[in-house]
Protein chains: 2
Amino acid sequence: MRTVTVAGAQLGPIQKAESREQVVARMIDLMDQAKAKGADLIVYPELALTTFFPRWYMEDQAEVDKWFEKEMPNAATQPLFDRAKEYGMGMSFGYAELTPDGHHFNTSILTDKTGRIVGKYRKTHLPGHAEFDTERAFQHLEKRYFEPGDTGFPVFRTMGGIFGMCICNDRRWPEVYRVMGLQGVEMVVLGYNTPSVNSQKGEEAGDKRIFHSNLSMQAGAYQNSTWVVGIAKAGSEDGHPLMGGSVIINPDGEIMAQAKTEDDELIVHACDLDDTIFGKETIFNFAKHRRIEHYGLITSQVGVVVPPEK
Amino acid sequence: MRTVTVAGAQLGPIQKAESREQVVARMIDLMDQAKAKGADLIVYPELALTTFFPRWYMEDQAEVDKWFEKEMPNAATQPLFDRAKEYGMGMSFGYAELTPDGHHFNTSILTDKTGRIVGKYRKTHLPGHAEFDTERAFQHLEKRYFEPGDTGFPVFRTMGGIFGMCICNDRRWPEVYRVMGLQGVEMVVLGYNTPSVNSQKGEEAGDKRIFHSNLSMQAGAYQNSTWVVGIAKAGSEDGHPLMGGSVIINPDGEIMAQAKTEDDELIVHACDLDDTIFGKETIFNFAKHRRIEHYGLITSQVGVVVPPEK
């Protein structure tokens with residue numbers, strides 16, 4: 001048994017007017033609850049410190065940059081790091097990162113039980129668009145405000161296991177889990193801000209959105225025999241609803257814990273990293289079964305090339 | 001609308017003593033039912049013509065070769081081809097293929113509405129083992145009797161759409177759907193013979209097995225915005241139970257039809273190939289979103305390489 005008790009800390013909505021300090025106070029409250037439940041690791045959502053600002057169209061780069069963090073930890077988040085260290089609890093959360101040399105990423109970090117940052121990941125699959133889109137019910141401007149991540153999908157040895165991260169839309173892409181699976185990942189932690197309605201297909205709402213999210217994460221877990229922890233920012237941000245349904249998924253692809261509200265809510269599960277072994281050694285023993293000579297298009301071709309018409 | 005009405009023709013058990021002629025008569029009966037329901041395409045399982053012989057350990061190659069077809073169509077299957085041509089119905093089924101130069105493959109074919117073979121696929125991901133395994137509850141000797149397929153994952157233009165195939169264990173590997181997705185696949189047809197119990201984990205039975213099967217196919221459908229038709233050989237073959245649950249899955253990953261028995265059973269659904277367009281043009285617009293520069297391990301590395309211990 002290599003048990004890591006994970007607390008998934010779903011955040012309810014964060015309004016545009018809320019400060020980072022207000023949000024960090026909520027995050028610390030969830031951390032206190034997690035400590036009471038014996039958590040070794042707490043996982044917060046993508047862009048945990050602010051509202052999901054990519055729904056707002058902005059032209060002034062100075063205005064955009066106010067949503068970004070120039071260092072981590074910083075004054076607003078230091079209390080969170082201090083509390084995690086005091087509790088001996090690892091943590092992961094997402095934030096908008098502005099690097100010293102001016103790059104903008106949608107980033108997440110992982111800390112060990114001493115509060116030290118041991119892993120950083122920058123979101124690879126940016127959904128949405130870069131220019132104002134009159135066809136959509138609402139905007140989703142991640143391609144405007146962020147660059148695609150430059151980290152790839154590294155894994156990190158910490159807390160007695162092998163951990164990886166991805167962020168939001170990354171979870172829909174099987175390549176993400178596979179690249180980490182090929183490095184032996186035992187737990188993937190990720191956060192998301194997913195609108196409750198498809199901006200390009202109004203009739204696709206609630207249940208269908210959660211189904212797609214879970215389907216992708218459950219398949220990623222099963223097919224790589226890894227734990228997956230997917231944590232939402234949920235509820236209505238300035239009138240824009242985000243789905244909840246945060247989950248902890250076992251290496252068999254089964255949902256072991258799931259959030260019930262669209263508010264700040266903790267889900268907790270004792271995850272045995274040794275539960276990953278059976279799948280990795282049998283049906284998904286990659287060394288025995290994968291046939292990379294037939295996978296070439298996956299890395300040689302970005303988009304679709306259909307066969308010629310006869 | 002580009003509607004292809006698909007009949008999924010689940011087969012109940014085929015005992016070791018049953019002849020190909022007996023099985024083909026059952027397949028023709030299902031085809032008659034499919035015609036009555038207006039089917040354009042009928043899909044049968046993997047190794048449709050015989051029992052799932054890889055559960056039997058054999059050392060005599062002549063005995064092994066009796067389970068293989070040296071040509072297709074042949075005398076036993078010609079009536080099936082004739083009926084399909086008469087009905088103007090496409091079909092797909094699996095069989096053990098022995099090539100003129102002595103290679104053994106687990107193969108499936110696709111015919112157009114004139115009964116002409118327009119596509120052939122040879123199974124890539126062979127599960128199981130090559131030598132008698134005393135640790136297993138029963139044998140699964142696909143690695144003994146077959147070579148890994150040499151076709152890759154081609155797609156075929158026929159019946160007004162773009163079709164692909166895979167077989168049984170292939171369906172658990174996301175690479176399979178993705179390689180076809182990168183060629184614009186609109187419908188993947190596949191068959192399987194899946195034991196109702198995990199030979200290496202006796203307590204994993206029925207429901208869990210169907211859950212894993214559906215999870216993999218539904219994720220493959222959704223993540224590539226393609227129809228997936230997965231058809232079982234089901235029921236007890238000489239005392240060895242195979243799971244049923246044949247399904248037709250839409251490009252949103254939803255199950256539209258599902259078999260209820262473990263016998264010969266037809267499931268039918270009118271599949272609109274245009275339902276694939278929305279997903280392919282939005283969330284899974286590969287050209288806009290995929291980042292192949294970070295997928296390298298998928299094609300460069302077969303097995304797991306864990307990060308070094310610190």
# chains A, B, ... in the order shown; residues from 1 in each chain; ligands from 1

call {"tool": "select_by_dssp", "arguments": {"residues": "range 39-207 of chain A", "states": "helix (DSSP H, G or I)", "output": "PyMOL selection string"}}
result
chain A and resi 53-55+61-65+78-87+142-145+168-172+174-181+206-207

call {"tool": "residues_around", "arguments": {"residues": "Lys113 in chain A", "least_positions_apart": "2", "cutoff": "12 Å", "atoms": "only C-alpha atoms", "output": "number ranges by chain"}}
result
A: 4, 39-42, 81-92, 110-111, 115-118, 158-160

call {"tool": "atom_distance", "arguments": {"atom1": "CA of Gly149 in chain A", "atom2": "CA of Phe105 in chain A"}}
result
6.3 Å

call {"tool": "atom_distance", "arguments": {"atom1": "CA of Asp264 in chain B", "atom2": "CA of Ala36 in chain B"}}
result
16.2 Å

call {"tool": "closest_residue", "arguments": {"among": "A:Met180, A:Ile277, A:Leu242, A:Val64", "to": "chain B", "atoms": "only C-alpha atoms"}}
result
A:Met180

call {"tool": "closest_residue", "arguments": {"among": "B:Gly161, B:Pro45, B:Gly206, B:Gly279", "to": "Glu309 in chain A", "atoms": "only C-alpha atoms"}}
result
B:Gly161

call {"tool": "residues_around", "arguments": {"residues": "range 52-58 of chain A", "least_positions_apart": "4", "cutoff": "8 Å", "atoms": "only C-alpha atoms", "output": "NGL selection string"}}
result
:A and (14 or 16 or 47 or 63-64 or 67 or 132 or 138-142 or 145 or 193 or 237)

call {"tool": "write_last_selection", "arguments": {"atoms": "N, CA, C and O atoms", "output": "mmCIF file, in the first residue's frame"}}
result
data_model
loop_
_atom_site.group_PDB
_atom_site.id
_atom_site.type_symbol
_atom_site.label_atom_id
_atom_site.label_comp_id
_atom_site.auth_asym_id
_atom_site.auth_seq_id
_atom_site.Cartn_x
_atom_site.Cartn_y
_atom_site.Cartn_z
ATOM 1 N N ILE A 14 -16.003 32.512 -8.795
ATOM 2 C CA ILE A 14 -15.225 33.679 -8.363
ATOM 3 C C ILE A 14 -15.653 34.836 -9.265
ATOM 4 O O ILE A 14 -15.466 34.773 -10.485
ATOM 5 N N LYS A 16 -15.745 38.559 -10.987
ATOM 6 C CA LYS A 16 -14.699 39.429 -11.525
ATOM 7 C C LYS A 16 -14.176 40.398 -10.462
ATOM 8 O O LYS A 16 -12.995 40.733 -10.428
ATOM 9 N N LEU A 47 -6.766 28.075 -13.016
ATOM 10 C CA LEU A 47 -6.979 29.515 -12.795
ATOM 11 C C LEU A 47 -7.740 29.724 -11.488
ATOM 12 O O LEU A 47 -8.779 30.388 -11.446
ATOM 13 N N GLU A 63 -4.391 45.695 -19.053
ATOM 14 C CA GLU A 63 -5.584 45.178 -18.378
ATOM 15 C C GLU A 63 -5.522 43.640 -18.307
ATOM 16 O O GLU A 63 -5.827 43.040 -17.276
ATOM 17 N N VAL A 64 -5.107 43.036 -19.410
ATOM 18 C CA VAL A 64 -4.964 41.572 -19.440
ATOM 19 C C VAL A 64 -3.983 41.116 -18.362
ATOM 20 O O VAL A 64 -4.245 40.193 -17.591
ATOM 21 N N TRP A 67 -4.502 40.001 -14.657
ATOM 22 C CA TRP A 67 -5.007 38.682 -14.285
ATOM 23 C C TRP A 67 -3.876 37.662 -14.101
ATOM 24 O O TRP A 67 -4.130 36.521 -13.693
ATOM 25 N N PHE A 132 -12.357 38.318 -31.360
ATOM 26 C CA PHE A 132 -13.762 38.355 -30.941
ATOM 27 C C PHE A 132 -14.599 37.571 -31.942
ATOM 28 O O PHE A 132 -14.487 37.754 -33.150
ATOM 29 N N PHE A 138 -20.954 33.119 -26.144
ATOM 30 C CA PHE A 138 -20.052 33.861 -25.266
ATOM 31 C C PHE A 138 -18.624 33.584 -25.724
ATOM 32 O O PHE A 138 -18.387 32.654 -26.495
ATOM 33 N N GLN A 139 -17.697 34.388 -25.275
ATOM 34 C CA GLN A 139 -16.314 34.301 -25.751
ATOM 35 C C GLN A 139 -15.507 33.270 -24.948
ATOM 36 O O GLN A 139 -15.820 32.982 -23.782
ATOM 37 N N HIS A 140 -14.485 32.719 -25.604
ATOM 38 C CA HIS A 140 -13.571 31.791 -24.921
ATOM 39 C C HIS A 140 -12.184 32.039 -25.507
ATOM 40 O O HIS A 140 -11.734 31.339 -26.406
ATOM 41 N N LEU A 141 -11.506 33.083 -24.959
ATOM 42 C CA LEU A 141 -10.353 33.683 -25.632
ATOM 43 C C LEU A 141 -9.013 33.150 -25.137
ATOM 44 O O LEU A 141 -8.026 33.900 -25.078
ATOM 45 N N GLU A 142 -8.956 31.881 -24.825
ATOM 46 C CA GLU A 142 -7.673 31.365 -24.337
ATOM 47 C C GLU A 142 -6.578 31.488 -25.382
ATOM 48 O O GLU A 142 -5.412 31.721 -25.042
ATOM 49 N N TYR A 145 -5.073 35.074 -25.013
ATOM 50 C CA TYR A 145 -4.331 35.527 -23.837
ATOM 51 C C TYR A 145 -3.151 34.646 -23.453
ATOM 52 O O TYR A 145 -2.307 35.068 -22.667
ATOM 53 N N ASN A 193 -12.133 24.891 -15.848
ATOM 54 C CA ASN A 193 -13.230 25.859 -15.862
ATOM 55 C C ASN A 193 -14.011 25.553 -17.130
ATOM 56 O O ASN A 193 -13.611 25.965 -18.219
ATOM 57 N N GLU A 237 -20.284 32.606 -12.643
ATOM 58 C CA GLU A 237 -19.362 33.736 -12.504
ATOM 59 C C GLU A 237 -19.921 34.910 -13.313
ATOM 60 O O GLU A 237 -19.955 34.851 -14.552
#

call {"tool": "closest_residue", "arguments": {"among": "A:Lys37, A:Val247, A:Thr50, A:Thr151", "to": "Val24 in chain A", "atoms": "only C-alpha atoms"}}
result
A:Thr50

call {"tool": "atom_distance", "arguments": {"atom1": "CA of Phe286 in chain A", "atom2": "CA of Tyr222 in chain A"}}
result
13.2 Å

call {"tool": "interface_residues", "arguments": {"of": "chain B", "to": "chain A", "cutoff": "7 Å", "atoms": "only C-alpha atoms", "output": "number ranges by chain"}}
result
B: 125-126, 152, 172, 174-175, 178-179, 182-184, 215-216, 219, 223, 286-287, 289-290, 292, 294-299, 302-307

call {"tool": "closest_residue", "arguments": {"among": "B:Gly94, B:His240, B:Ala257, B:Val229", "to": "Thr194 in chain B", "atoms": "only C-alpha atoms"}}
result
B:His240

call {"tool": "residues_around", "arguments": {"residues": "Pro241 in chain A", "least_positions_apart": "6", "cutoff": "9 Å", "atoms": "only C-alpha atoms", "output": "PyMOL selection string"}}
result
chain A and resi 13+194-197+234-235

call {"tool": "select_by_dssp", "arguments": {"residues": "range 70-110 of chain B", "states": "strand (DSSP E)", "output": "list of chain:residue names"}}
result
B:Gly90, B:Met91, B:Ser92, B:Phe93, B:Gly94, B:Tyr95, B:Ala96, B:Glu97, B:Leu98, B:His104, B:Phe105, B:Asn106, B:Thr107, B:Ser108, B:Ile109, B:Leu110
